[in-house]
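Colleague: Handing over model04.cif, mmCIF, C-alpha atoms and all ligand atoms; chains and numbers go by the auth columns.
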data_final
loop_
_atom_site.group_PDB
_atom_site.id
_atom_site.type_symbol
_atom_site.label_atom_id
_atom_site.label_comp_id
_atom_site.label_asym_id
_atom_site.label_seq_id
_atom_site.Cartn_x
_atom_site.Cartn_y
_atom_site.Cartn_z
_atom_site.B_iso_or_equiv
_atom_site.auth_seq_id
_atom_site.auth_asym_id
ATOM 1 C CA MET A 1 15.342 -5.822 21.697 0.00 11 A
ATOM 2 C CA SER A 2 16.926 -6.969 18.482 0.00 12 A
ATOM 3 C CA GLN A 3 20.321 -5.533 17.637 0.00 13 A
ATOM 4 C CA LEU A 4 20.353 -6.320 13.932 0.00 14 A
ATOM 5 C CA ALA A 5 22.813 -4.095 12.099 0.00 15 A
ATOM 6 C CA THR A 6 20.301 -3.908 9.279 0.00 16 A
ATOM 7 C CA GLU A 7 17.766 -1.901 11.261 0.00 17 A
ATOM 8 C CA VAL A 8 17.973 1.325 9.332 0.00 18 A
ATOM 9 C CA MET A 9 14.360 1.866 8.362 0.00 19 A
ATOM 10 C CA LEU A 10 12.612 5.161 9.103 0.00 20 A
ATOM 11 C CA ILE A 11 8.829 5.134 8.782 0.00 21 A
ATOM 12 C CA ARG A 12 6.633 8.221 8.904 0.00 22 A
ATOM 13 C CA GLU A 13 2.894 7.827 8.567 0.00 23 A
ATOM 14 C CA PHE A 14 0.374 10.405 7.355 0.00 24 A
ATOM 15 C CA VAL A 15 -3.345 9.631 7.581 0.00 25 A
ATOM 16 C CA LEU A 16 -4.832 11.231 4.487 0.00 26 A
ATOM 17 C CA SER A 17 -8.048 11.656 2.529 0.00 27 A
ATOM 18 C CA ALA A 18 -11.679 11.082 3.463 0.00 28 A
ATOM 19 C CA PHE A 19 -10.782 7.375 3.484 0.00 29 A
ATOM 20 C CA GLN A 20 -8.288 7.747 6.400 0.00 30 A
ATOM 21 C CA GLN A 21 -5.598 6.093 4.328 0.00 31 A
ATOM 22 C CA ASN A 22 -2.115 5.499 5.735 0.00 32 A
ATOM 23 C CA THR A 23 0.348 7.201 3.415 0.00 33 A
ATOM 24 C CA ARG A 24 3.904 6.349 4.450 0.00 34 A
ATOM 25 C CA VAL A 25 7.365 7.695 3.753 0.00 35 A
ATOM 26 C CA VAL A 26 9.857 4.875 4.290 0.00 36 A
ATOM 27 C CA ALA A 27 13.552 5.695 4.240 0.00 37 A
ATOM 28 C CA CYS A 28 17.016 4.248 4.753 0.00 38 A
ATOM 29 C CA GLU A 29 18.434 6.167 7.682 0.00 39 A
ATOM 30 C CA LYS A 30 22.019 5.744 6.489 0.00 40 A
ATOM 31 C CA THR A 31 21.696 6.793 2.864 0.00 41 A
ATOM 32 C CA ARG A 32 18.659 9.123 3.229 0.00 42 A
ATOM 33 C CA ARG A 33 17.031 7.479 0.233 0.00 43 A
ATOM 34 C CA ALA A 34 13.245 7.241 0.540 0.00 44 A
ATOM 35 C CA ILE A 35 10.072 5.956 -1.044 0.00 45 A
ATOM 36 C CA CYS A 36 6.490 7.048 -0.544 0.00 46 A
ATOM 37 C CA ILE A 37 4.134 4.085 -0.339 0.00 47 A
ATOM 38 C CA ASP A 38 0.646 5.045 -1.572 0.00 48 A
ATOM 39 C CA PRO A 39 0.288 8.852 -1.506 0.00 49 A
ATOM 40 C CA GLY A 40 -3.445 9.039 -0.860 0.00 50 A
ATOM 41 C CA GLU A 41 -3.939 12.705 -1.650 0.00 51 A
ATOM 42 C CA ALA A 42 -1.941 15.863 -2.305 0.00 52 A
ATOM 43 C CA SER A 43 -0.177 16.759 0.946 0.00 53 A
ATOM 44 C CA ASP A 44 2.212 19.571 1.805 0.00 54 A
ATOM 45 C CA ASP A 45 3.005 17.668 5.007 0.00 55 A
ATOM 46 C CA VAL A 46 4.545 14.802 3.015 0.00 56 A
ATOM 47 C CA VAL A 47 6.573 17.145 0.809 0.00 57 A
ATOM 48 C CA ASN A 48 7.766 19.186 3.793 0.00 58 A
ATOM 49 C CA TYR A 49 8.706 16.067 5.749 0.00 59 A
ATOM 50 C CA LEU A 50 10.938 14.884 2.908 0.00 60 A
ATOM 51 C CA HIS A 51 12.590 18.298 2.558 0.00 61 A
ATOM 52 C CA ASP A 52 12.957 18.938 6.294 0.00 62 A
ATOM 53 C CA ASN A 53 14.570 15.554 6.898 0.00 63 A
ATOM 54 C CA ASP A 54 16.929 15.763 3.948 0.00 64 A
ATOM 55 C CA LEU A 55 15.433 12.685 2.312 0.00 65 A
ATOM 56 C CA GLU A 56 15.775 11.919 -1.375 0.00 66 A
ATOM 57 C CA LEU A 57 12.522 10.558 -2.804 0.00 67 A
ATOM 58 C CA GLN A 58 13.583 7.883 -5.278 0.00 68 A
ATOM 59 C CA ALA A 59 10.146 6.473 -5.989 0.00 69 A
ATOM 60 C CA ILE A 60 6.416 6.562 -5.453 0.00 70 A
ATOM 61 C CA THR A 61 5.747 2.889 -4.847 0.00 71 A
ATOM 62 C CA LEU A 62 2.097 1.917 -5.244 0.00 72 A
ATOM 63 C CA THR A 63 0.521 -1.173 -3.700 0.00 73 A
ATOM 64 C CA HIS A 64 -2.557 -0.839 -5.920 0.00 74 A
ATOM 65 C CA GLY A 65 -4.529 1.603 -8.001 0.00 75 A
ATOM 66 C CA HIS A 66 -7.485 2.671 -5.852 0.00 76 A
ATOM 67 C CA LEU A 67 -7.991 6.422 -5.588 0.00 77 A
ATOM 68 C CA ASP A 68 -7.274 6.565 -1.851 0.00 78 A
ATOM 69 C CA HIS A 69 -3.796 5.121 -2.560 0.00 79 A
ATOM 70 C CA VAL A 70 -2.784 6.943 -5.740 0.00 80 A
ATOM 71 C CA GLY A 71 -4.695 10.243 -5.435 0.00 81 A
ATOM 72 C CA GLY A 72 -1.600 12.187 -4.327 0.00 82 A
ATOM 73 C CA THR A 73 0.775 10.790 -6.944 0.00 83 A
ATOM 74 C CA LYS A 74 0.636 13.774 -9.287 0.00 84 A
ATOM 75 C CA ALA A 75 1.206 16.390 -6.586 0.00 85 A
ATOM 76 C CA LEU A 76 4.097 14.447 -5.061 0.00 86 A
ATOM 77 C CA HIS A 77 5.657 13.814 -8.466 0.00 87 A
ATOM 78 C CA ASP A 78 5.320 17.515 -9.329 0.00 88 A
ATOM 79 C CA ALA A 79 7.369 18.256 -6.181 0.00 89 A
ATOM 80 C CA PHE A 80 9.914 15.483 -6.880 0.00 90 A
ATOM 81 C CA PRO A 81 9.926 14.990 -10.664 0.00 91 A
ATOM 82 C CA ASP A 82 12.908 12.596 -10.609 0.00 92 A
ATOM 83 C CA ALA A 83 11.009 10.047 -8.516 0.00 93 A
ATOM 84 C CA GLU A 84 10.016 6.833 -10.268 0.00 94 A
ATOM 85 C CA ILE A 85 6.357 5.798 -10.248 0.00 95 A
ATOM 86 C CA ILE A 86 5.788 2.043 -10.135 0.00 96 A
ATOM 87 C CA ILE A 87 2.603 -0.050 -10.072 0.00 97 A
ATOM 88 C CA HIS A 88 1.783 -3.623 -11.138 0.00 98 A
ATOM 89 C CA LYS A 89 0.523 -4.064 -14.702 0.00 99 A
ATOM 90 C CA GLY A 90 -2.749 -5.499 -13.395 0.00 100 A
ATOM 91 C CA ASP A 91 -3.697 -2.187 -11.773 0.00 101 A
ATOM 92 C CA GLU A 92 -2.787 0.108 -14.672 0.00 102 A
ATOM 93 C CA PRO A 93 -6.461 0.460 -15.697 0.00 103 A
ATOM 94 C CA LEU A 94 -7.336 1.686 -12.194 0.00 104 A
ATOM 95 C CA TYR A 95 -4.315 4.016 -12.091 0.00 105 A
ATOM 96 C CA PHE A 96 -5.002 5.668 -15.425 0.00 106 A
ATOM 97 C CA GLY A 97 -8.739 5.627 -14.698 0.00 107 A
ATOM 98 C CA LEU A 98 -8.243 7.698 -11.540 0.00 108 A
ATOM 99 C CA PRO A 99 -10.440 10.627 -12.694 0.00 109 A
ATOM 100 C CA GLN A 100 -13.298 8.170 -13.337 0.00 110 A
ATOM 101 C CA GLN A 101 -12.953 6.125 -10.138 0.00 111 A
ATOM 102 C CA PRO A 102 -15.265 8.309 -8.000 0.00 112 A
ATOM 103 C CA LEU A 103 -17.976 7.967 -10.653 0.00 113 A
ATOM 104 C CA LEU A 104 -17.657 4.165 -10.438 0.00 114 A
ATOM 105 C CA MET A 105 -18.300 4.533 -6.705 0.00 115 A
ATOM 106 C CA GLY A 106 -21.589 6.253 -7.487 0.00 116 A
ATOM 107 C CA ILE A 107 -20.463 9.801 -6.700 0.00 117 A
ATOM 108 C CA GLN A 108 -22.005 12.446 -8.958 0.00 118 A
ATOM 109 C CA GLN A 109 -19.779 14.537 -11.236 0.00 119 A
ATOM 110 C CA SER A 110 -21.142 17.719 -9.643 0.00 120 A
ATOM 111 C CA GLN A 111 -19.996 16.566 -6.172 0.00 121 A
ATOM 112 C CA LEU A 112 -16.396 15.729 -7.067 0.00 122 A
ATOM 113 C CA ALA A 113 -14.806 19.108 -6.342 0.00 123 A
ATOM 114 C CA ALA A 114 -16.563 19.510 -3.001 0.00 124 A
ATOM 115 C CA LEU A 115 -15.347 16.072 -1.928 0.00 125 A
ATOM 116 C CA GLY A 116 -11.793 16.681 -3.123 0.00 126 A
ATOM 117 C CA LEU A 117 -12.148 13.863 -5.632 0.00 127 A
ATOM 118 C CA ASP A 118 -11.752 15.889 -8.859 0.00 128 A
ATOM 119 C CA PHE A 119 -8.502 14.217 -9.896 0.00 129 A
ATOM 120 C CA ASP A 120 -6.309 15.236 -12.823 0.00 130 A
ATOM 121 C CA ALA A 121 -4.937 12.545 -15.102 0.00 131 A
ATOM 122 C CA PRO A 122 -2.079 10.831 -13.255 0.00 132 A
ATOM 123 C CA PRO A 123 1.524 11.120 -14.500 0.00 133 A
ATOM 124 C CA PRO A 124 3.100 8.434 -16.695 0.00 134 A
ATOM 125 C CA LEU A 125 4.482 5.347 -15.009 0.00 135 A
ATOM 126 C CA THR A 126 8.196 4.584 -14.956 0.00 136 A
ATOM 127 C CA ARG A 127 7.625 0.832 -15.163 0.00 137 A
ATOM 128 C CA ASN A 128 5.642 -2.054 -13.614 0.00 138 A
ATOM 129 C CA TRP A 129 6.338 -4.221 -10.589 0.00 139 A
ATOM 130 C CA GLU A 130 7.388 -7.809 -11.272 0.00 140 A
ATOM 131 C CA HIS A 131 6.446 -10.483 -8.757 0.00 141 A
ATOM 132 C CA GLY A 132 9.557 -11.586 -6.891 0.00 142 A
ATOM 133 C CA GLU A 133 11.736 -8.610 -7.736 0.00 143 A
ATOM 134 C CA ILE A 134 13.940 -7.108 -5.039 0.00 144 A
ATOM 135 C CA TYR A 135 13.572 -3.333 -4.823 0.00 145 A
ATOM 136 C CA GLU A 136 16.461 -1.574 -3.085 0.00 146 A
ATOM 137 C CA VAL A 137 16.141 1.702 -1.193 0.00 147 A
ATOM 138 C CA GLY A 138 19.597 2.475 0.146 0.00 148 A
ATOM 139 C CA GLU A 139 20.366 -0.503 2.376 0.00 149 A
ATOM 140 C CA LEU A 140 16.748 -1.646 2.515 0.00 150 A
ATOM 141 C CA ARG A 141 15.713 -4.559 0.308 0.00 151 A
ATOM 142 C CA PHE A 142 12.015 -5.036 -0.359 0.00 152 A
ATOM 143 C CA SER A 143 10.726 -8.199 -1.951 0.00 153 A
ATOM 144 C CA VAL A 144 7.765 -7.347 -4.136 0.00 154 A
ATOM 145 C CA ARG A 145 4.974 -9.929 -3.897 0.00 155 A
ATOM 146 C CA HIS A 146 1.920 -10.028 -6.141 0.00 156 A
ATOM 147 C CA CYS A 147 -1.190 -10.415 -3.955 0.00 157 A
ATOM 148 C CA PRO A 148 -4.288 -10.229 -6.180 0.00 158 A
ATOM 149 C CA GLY A 149 -7.770 -10.436 -4.710 0.00 159 A
ATOM 150 C CA HIS A 150 -8.545 -6.882 -3.506 0.00 160 A
ATOM 151 C CA THR A 151 -7.486 -5.671 -6.957 0.00 161 A
ATOM 152 C CA PRO A 152 -5.913 -7.674 -9.807 0.00 162 A
ATOM 153 C CA GLY A 153 -2.516 -5.976 -9.558 0.00 163 A
ATOM 154 C CA HIS A 154 -2.110 -5.528 -5.813 0.00 164 A
ATOM 155 C CA VAL A 155 1.433 -6.017 -4.477 0.00 165 A
ATOM 156 C CA VAL A 156 2.939 -5.979 -0.991 0.00 166 A
ATOM 157 C CA PHE A 157 6.466 -4.948 -0.006 0.00 167 A
ATOM 158 C CA ALA A 158 8.297 -7.188 2.490 0.00 168 A
ATOM 159 C CA GLU A 159 11.602 -6.155 4.120 0.00 169 A
ATOM 160 C CA GLU A 160 12.570 -9.442 5.724 0.00 170 A
ATOM 161 C CA CYS A 161 15.716 -8.250 7.551 0.00 171 A
ATOM 162 C CA GLU A 162 13.684 -5.497 9.206 0.00 172 A
ATOM 163 C CA LYS A 163 10.710 -7.830 9.655 0.00 173 A
ATOM 164 C CA LYS A 164 8.241 -5.367 8.210 0.00 174 A
ATOM 165 C CA VAL A 165 5.672 -5.756 5.457 0.00 175 A
ATOM 166 C CA PHE A 166 3.548 -3.084 3.789 0.00 176 A
ATOM 167 C CA VAL A 167 0.319 -4.727 2.705 0.00 177 A
ATOM 168 C CA GLY A 168 -1.947 -1.976 1.336 0.00 178 A
ATOM 169 C CA ASP A 169 -5.547 -3.186 1.420 0.00 179 A
ATOM 170 C CA CYS A 170 -4.861 -6.958 1.459 0.00 180 A
ATOM 171 C CA LEU A 171 -4.839 -7.382 5.213 0.00 181 A
ATOM 172 C CA PHE A 172 -5.960 -5.289 8.178 0.00 182 A
ATOM 173 C CA TYR A 173 -5.880 -5.655 11.951 0.00 183 A
ATOM 174 C CA GLY A 174 -8.541 -8.337 12.422 0.00 184 A
ATOM 175 C CA SER A 175 -9.891 -8.114 8.886 0.00 185 A
ATOM 176 C CA ILE A 176 -9.105 -8.404 5.191 0.00 186 A
ATOM 177 C CA GLY A 177 -9.594 -6.178 2.162 0.00 187 A
ATOM 178 C CA ARG A 178 -12.861 -5.765 0.291 0.00 188 A
ATOM 179 C CA THR A 179 -13.401 -8.160 -2.578 0.00 189 A
ATOM 180 C CA ASP A 180 -16.722 -6.817 -3.877 0.00 190 A
ATOM 181 C CA LEU A 181 -15.180 -4.123 -6.067 0.00 191 A
ATOM 182 C CA PRO A 182 -14.476 -4.710 -9.788 0.00 192 A
ATOM 183 C CA GLY A 183 -11.629 -7.203 -10.224 0.00 193 A
ATOM 184 C CA GLY A 184 -11.923 -8.483 -6.653 0.00 194 A
ATOM 185 C CA SER A 185 -11.986 -12.148 -5.617 0.00 195 A
ATOM 186 C CA TYR A 186 -12.365 -13.491 -2.074 0.00 196 A
ATOM 187 C CA GLU A 187 -10.766 -16.865 -2.874 0.00 197 A
ATOM 188 C CA GLN A 188 -7.848 -15.192 -4.612 0.00 198 A
ATOM 189 C CA LEU A 189 -7.302 -12.776 -1.707 0.00 199 A
ATOM 190 C CA ILE A 190 -7.219 -15.562 0.887 0.00 200 A
ATOM 191 C CA GLU A 191 -4.781 -17.521 -1.297 0.00 201 A
ATOM 192 C CA SER A 192 -2.602 -14.399 -1.707 0.00 202 A
ATOM 193 C CA ILE A 193 -2.525 -13.692 2.034 0.00 203 A
ATOM 194 C CA ASN A 194 -1.720 -17.315 2.849 0.00 204 A
ATOM 195 C CA SER A 195 1.044 -17.680 0.279 0.00 205 A
ATOM 196 C CA GLN A 196 2.613 -14.214 0.294 0.00 206 A
ATOM 197 C CA ILE A 197 2.058 -12.705 3.766 0.00 207 A
ATOM 198 C CA LEU A 198 1.486 -15.487 6.300 0.00 208 A
ATOM 199 C CA THR A 199 4.680 -17.166 5.047 0.00 209 A
ATOM 200 C CA LEU A 200 6.630 -14.338 6.714 0.00 210 A
ATOM 201 C CA ASP A 201 7.892 -14.713 10.288 0.00 211 A
ATOM 202 C CA ASP A 202 5.249 -14.310 13.025 0.00 212 A
ATOM 203 C CA ASP A 203 6.977 -11.257 14.499 0.00 213 A
ATOM 204 C CA THR A 204 6.894 -9.398 11.174 0.00 214 A
ATOM 205 C CA VAL A 205 5.090 -6.071 11.662 0.00 215 A
ATOM 206 C CA VAL A 206 2.224 -5.544 9.226 0.00 216 A
ATOM 207 C CA TYR A 207 1.584 -1.992 7.998 0.00 217 A
ATOM 208 C CA SER A 208 -1.876 -1.751 6.432 0.00 218 A
ATOM 209 C CA GLY A 209 -3.408 0.854 4.194 0.00 219 A
ATOM 210 C CA HIS A 210 -6.016 1.689 6.829 0.00 220 A
ATOM 211 C CA GLY A 211 -6.076 1.322 10.605 0.00 221 A
ATOM 212 C CA PRO A 212 -3.429 0.235 13.090 0.00 222 A
ATOM 213 C CA GLU A 213 -0.359 -1.939 12.717 0.00 223 A
ATOM 214 C CA THR A 214 -0.493 -5.618 13.537 0.00 224 A
ATOM 215 C CA THR A 215 1.790 -8.648 13.204 0.00 225 A
ATOM 216 C CA VAL A 216 1.759 -11.721 10.992 0.00 226 A
ATOM 217 C CA GLY A 217 1.440 -13.955 14.065 0.00 227 A
ATOM 218 C CA ARG A 218 -1.499 -12.063 15.509 0.00 228 A
ATOM 219 C CA GLU A 219 -3.418 -12.232 12.246 0.00 229 A
ATOM 220 C CA ARG A 220 -2.561 -15.893 11.735 0.00 230 A
ATOM 221 C CA ARG A 221 -4.067 -16.712 15.139 0.00 231 A
ATOM 222 C CA GLN A 222 -6.848 -14.170 15.642 0.00 232 A
ATOM 223 C CA ASN A 223 -8.045 -12.920 12.260 0.00 233 A
ATOM 224 C CA PRO A 224 -11.415 -14.686 11.719 0.00 234 A
ATOM 225 C CA PHE A 225 -10.893 -14.774 7.943 0.00 235 A
ATOM 226 C CA LEU A 226 -7.567 -16.602 8.359 0.00 236 A
ATOM 227 C CA ASN A 227 -7.960 -18.875 11.394 0.00 237 A
ATOM 228 C CA GLY A 228 -10.986 -20.874 10.218 0.00 238 A
ATOM 229 C CA VAL A 229 -13.730 -19.093 12.189 0.00 239 A
ATOM 230 C CA TYR A 230 -15.284 -17.448 9.125 0.00 240 A
ATOM 231 C CA ASP A 231 -15.163 -20.710 7.146 0.00 241 A
ATOM 232 C CA ALA A 232 -16.791 -22.568 10.040 0.00 242 A
ATOM 233 C CA GLY A 233 -19.740 -20.189 9.789 0.00 243 A
ATOM 234 C CA ARG A 234 -19.977 -20.805 6.044 0.00 244 A
ATOM 235 C CA GLY A 235 -19.511 -17.158 5.308 0.00 245 A
ATOM 236 C CA ARG A 236 -21.381 -15.912 8.371 0.00 246 A
ATOM 237 C CA PHE A 237 -20.041 -15.121 11.783 0.00 247 A
ATOM 238 C CA ILE A 238 -21.384 -17.476 14.371 0.00 248 A
HETATM 239 ZN ZN ZN B . -8.062 -0.462 -2.108 0.00 301 B
HETATM 240 ZN ZN ZN B . -7.659 1.779 0.655 0.00 302 B
#
What would you get if you wrote out this structure as structure tokens?

Modeller:
Amino acid sequence: MSQLATEVMLIREFVLSAFQQNTRVVACEKTRRAICIDPGEASDDVVNYLHDNDLELQAITLTHGHLDHVGGTKALHDAFPDAEIIIHKGDEPLYFGLPQQPLLMGIQQSQLAALGLDFDAPPPLTRNWEHGEIYEVGELRFSVRHCPGHTPGHVVFAEECEKKVFVGDCLFYGSIGRTDLPGGSYEQLIESINSQILTLDDDTVVYSGHGPETTVGRERRQNPFLNGVYDAGRGRFI
């Protein structure tokens, strides 16, 4: 068990939306400052958790602009209007196009309300992420890394003292993000994962936008998209 004095991170996960997306509140235990990474849909549970635990929401920090990651931004910002909202420039079109995203997925206008996908226009952004910036949340220091491939403006947040990385839809337990959606690129995603995520220590815990946690080392060794198995099958599993 590590005894690093820097271990002050609180993580609370909420699985939200029809897409079973992992919305997370991440906080500095000492200063009570918090961020919400990817509020997937409006949720009283998230708002109540912040209030009940005396946490100050300083920002809504978005990994990318897909609806299952930004759908709850407006409701959360209405509850905490002082919170910043930050996304990479490359995903601004997706963010501001939120009301149209379900239509791009082939869902009919008349079905939106029944599916809970009738989104209002999202609130204005505070600013954009810059690749390589350090974002401080109390005593936590996240390095912001641009990882295009799933979307053009996808970023991940690495806290290297805590050995934790929040990767959105770049990397999953045993899999990688979709690259068949507009703006996606398989080659770019693999390059992003190799250069921005697999360069972290093997015991870094990986928190994905869907599904269970994993580690950098496990994915480096066992993920078929990253260990050569998929390439050996020339795009097919063998
Ligand atoms: Zn996505
Ligand atoms: Zn997603």

Colleague: Hey, which of A:Val18, A:Leu104, A:Leu181, A:Ala168 ends up closest to Gly193 of chain A? Count only C-alpha atoms.

Modeller: A:Leu104

Colleague: Can you pull out every residue with an atom within 8 Å of ligand ZN 301 (chain B)? Use only C-alpha atoms and all ligand atoms and format it as a PyMOL selection string.

Modeller: chain A and resi 74-79+160-161+178-179+187-188+219

Colleague: Could you please give me, as an mmCIF file with C-alpha atoms, in the frame of the given file, the residues of protein, DNA or RNA lying at most 12 Å from (4.1, 18.5, -9.2) in the coordinate frame of the file, considering only C-alpha atoms?

Modeller:
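Result file result.cif:
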data_model
loop_
_atom_site.group_PDB
_atom_site.id
_atom_site.type_symbol
_atom_site.label_atom_id
_atom_site.label_comp_id
_atom_site.auth_asym_id
_atom_site.auth_seq_id
_atom_site.Cartn_x
_atom_site.Cartn_y
_atom_site.Cartn_z
ATOM 1 C CA ALA A 52 -1.941 15.863 -2.305
ATOM 2 C CA SER A 53 -0.177 16.759 0.946
ATOM 3 C CA ASP A 54 2.212 19.571 1.805
ATOM 4 C CA VAL A 57 6.573 17.145 0.809
ATOM 5 C CA GLY A 82 -1.600 12.187 -4.327
ATOM 6 C CA THR A 83 0.775 10.790 -6.944
ATOM 7 C CA LYS A 84 0.636 13.774 -9.287
ATOM 8 C CA ALA A 85 1.206 16.390 -6.586
ATOM 9 C CA LEU A 86 4.097 14.447 -5.061
ATOM 10 C CA HIS A 87 5.657 13.814 -8.466
ATOM 11 C CA ASP A 88 5.320 17.515 -9.329
ATOM 12 C CA ALA A 89 7.369 18.256 -6.181
ATOM 13 C CA PHE A 90 9.914 15.483 -6.880
ATOM 14 C CA PRO A 91 9.926 14.990 -10.664
ATOM 15 C CA ASP A 92 12.908 12.596 -10.609
ATOM 16 C CA ALA A 93 11.009 10.047 -8.516
ATOM 17 C CA ASP A 130 -6.309 15.236 -12.823
ATOM 18 C CA PRO A 132 -2.079 10.831 -13.255
ATOM 19 C CA PRO A 133 1.524 11.120 -14.500
#

Colleague: Given the file above and the PyMOL selection byres (((chain A and resi 44) around 9) and not hetatm), which residues are selected, and can you give them as a list in words?

Modeller: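 For this structure, the PyMOL selection byres (((chain A and resi 44) around 9) and not hetatm) captures Leu20, Val35, Val36, Ala37, Cys38, Glu39, Thr41, Arg42, Arg43, Ile45, Cys46, Leu60, Leu65, Glu66, Leu67, Gln68, Ala69, Val147 and Gly148 of chain A.
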
Colleague: Taking all atoms listed in the file into account, which of A:Gly116, A:Gly184, A:Gly227, A:Gly221 comes nearest ligand ZN 302 (chain B)?

Modeller: A:Gly221

Colleague: One decimal, in Å: what's the spacing between atom CA of Ile95 of chain A and atom CA of Thr136 of chain A?

Modeller: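 A separation of 5.2 Å between them.
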
Colleague: So, with only C-alpha atoms and all ligand atoms as the atoms that count, which of A:Glu17, A:Glu51, A:Glu102, A:Glu140 lies closest to ligand ZN 302 (chain B)?

Modeller: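 Under the stated criterion, the closest residue is A:Glu51.
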
Colleague: I need the residue nearest Tyr196 of chain A from this list: A:Pro222, A:Gly163, A:Cys180, A:Arg137. Use all atoms listed in the file for the distance.

Modeller: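 The shortest atom-to-atom distance to Tyr196 of chain A comes from A:Cys180.
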
Colleague: Here is a test: counting all atoms listed in the file, which residue of A:Glu94, A:Tyr59, A:Ser218, A:Pro234 is nearest to ligand ZN 302 (chain B)?

Modeller: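 Comparing A:Glu94, A:Tyr59, A:Ser218, A:Pro234 against ligand ZN 302 (chain B), the winner is A:Ser218.
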
Colleague: Counting all atoms listed in the file, which residues have an atom no more than 6 Å from (0.1, -0.7, -4.5) in the file's coordinates? Please list them as a tab-separated table (two decimals) with C-alpha atoms, keeping the file's coordinate frame.

Modeller:
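Saved file part_37.tsv follows:
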chain	number	residue	atom	x	y	z
A	72	LEU	CA	2.10	1.92	-5.24
A	73	THR	CA	0.52	-1.17	-3.70
A	74	HIS	CA	-2.56	-0.84	-5.92
A	164	HIS	CA	-2.11	-5.53	-5.81
A	165	VAL	CA	1.43	-6.02	-4.48

Colleague: What is the distance, in Å and to one decimal place, between atom CA of Glu149 of chain A and atom CA of Phe24 of chain A?

Modeller: 23.3 Å

Colleague: Would you place a box with edges along x, y and z of the file around all atoms of segment 231-234 of chain A listed there, add 8 Å to each of its six sides, and report the centre and edge lengths in Å to one decimal, as lines of an AutoDock Vina configuration file?

Modeller:
center_x = -7.7
center_y = -14.8
center_z = 13.7
size_x = 23.3
size_y = 19.8
size_z = 19.9

Colleague: Please output segment 67-82 of chain A, rebuilt to include N, CA and C atoms, as a short mmCIF file (atom, residue, chain, number, x, y, z; two decimals), in the frame of the given file.

Modeller:
data_model
loop_
_atom_site.label_atom_id
_atom_site.label_comp_id
_atom_site.auth_asym_id
_atom_site.auth_seq_id
_atom_site.Cartn_x
_atom_site.Cartn_y
_atom_site.Cartn_z
N LEU A 67 13.62 11.44 -2.38
CA LEU A 67 12.52 10.56 -2.80
C LEU A 67 12.90 9.88 -4.12
N GLN A 68 13.20 8.58 -4.04
CA GLN A 68 13.58 7.88 -5.28
C GLN A 68 12.39 7.30 -6.01
N ALA A 69 11.29 7.07 -5.30
CA ALA A 69 10.15 6.47 -5.99
C ALA A 69 8.85 6.66 -5.22
N ILE A 70 7.77 6.69 -5.98
CA ILE A 70 6.42 6.56 -5.45
C ILE A 70 6.03 5.12 -5.74
N THR A 71 5.95 4.33 -4.69
CA THR A 71 5.75 2.89 -4.85
C THR A 71 4.31 2.57 -4.46
N LEU A 72 3.53 2.09 -5.42
CA LEU A 72 2.10 1.92 -5.24
C LEU A 72 1.76 0.45 -5.00
N THR A 73 0.98 0.20 -3.94
CA THR A 73 0.52 -1.17 -3.70
C THR A 73 -0.59 -1.55 -4.67
N HIS A 74 -1.47 -0.58 -4.98
CA HIS A 74 -2.56 -0.84 -5.92
C HIS A 74 -3.13 0.49 -6.39
N GLY A 75 -4.12 0.41 -7.28
CA GLY A 75 -4.53 1.60 -8.00
C GLY A 75 -5.75 2.32 -7.50
N HIS A 76 -6.30 1.96 -6.34
CA HIS A 76 -7.48 2.67 -5.85
C HIS A 76 -7.17 4.13 -5.53
N LEU A 77 -8.20 4.97 -5.68
CA LEU A 77 -7.99 6.42 -5.59
C LEU A 77 -7.43 6.86 -4.24
N ASP A 78 -7.77 6.15 -3.17
CA ASP A 78 -7.27 6.56 -1.85
C ASP A 78 -5.81 6.16 -1.64
N HIS A 79 -5.21 5.51 -2.64
CA HIS A 79 -3.80 5.12 -2.56
C HIS A 79 -2.94 5.82 -3.61
N VAL A 80 -3.56 6.31 -4.67
CA VAL A 80 -2.78 6.94 -5.74
C VAL A 80 -3.17 8.41 -5.94
N GLY A 81 -4.16 8.90 -5.19
CA GLY A 81 -4.70 10.24 -5.44
C GLY A 81 -3.68 11.37 -5.29
N GLY A 82 -2.61 11.15 -4.52
CA GLY A 82 -1.60 12.19 -4.33
C GLY A 82 -0.37 12.01 -5.20
#
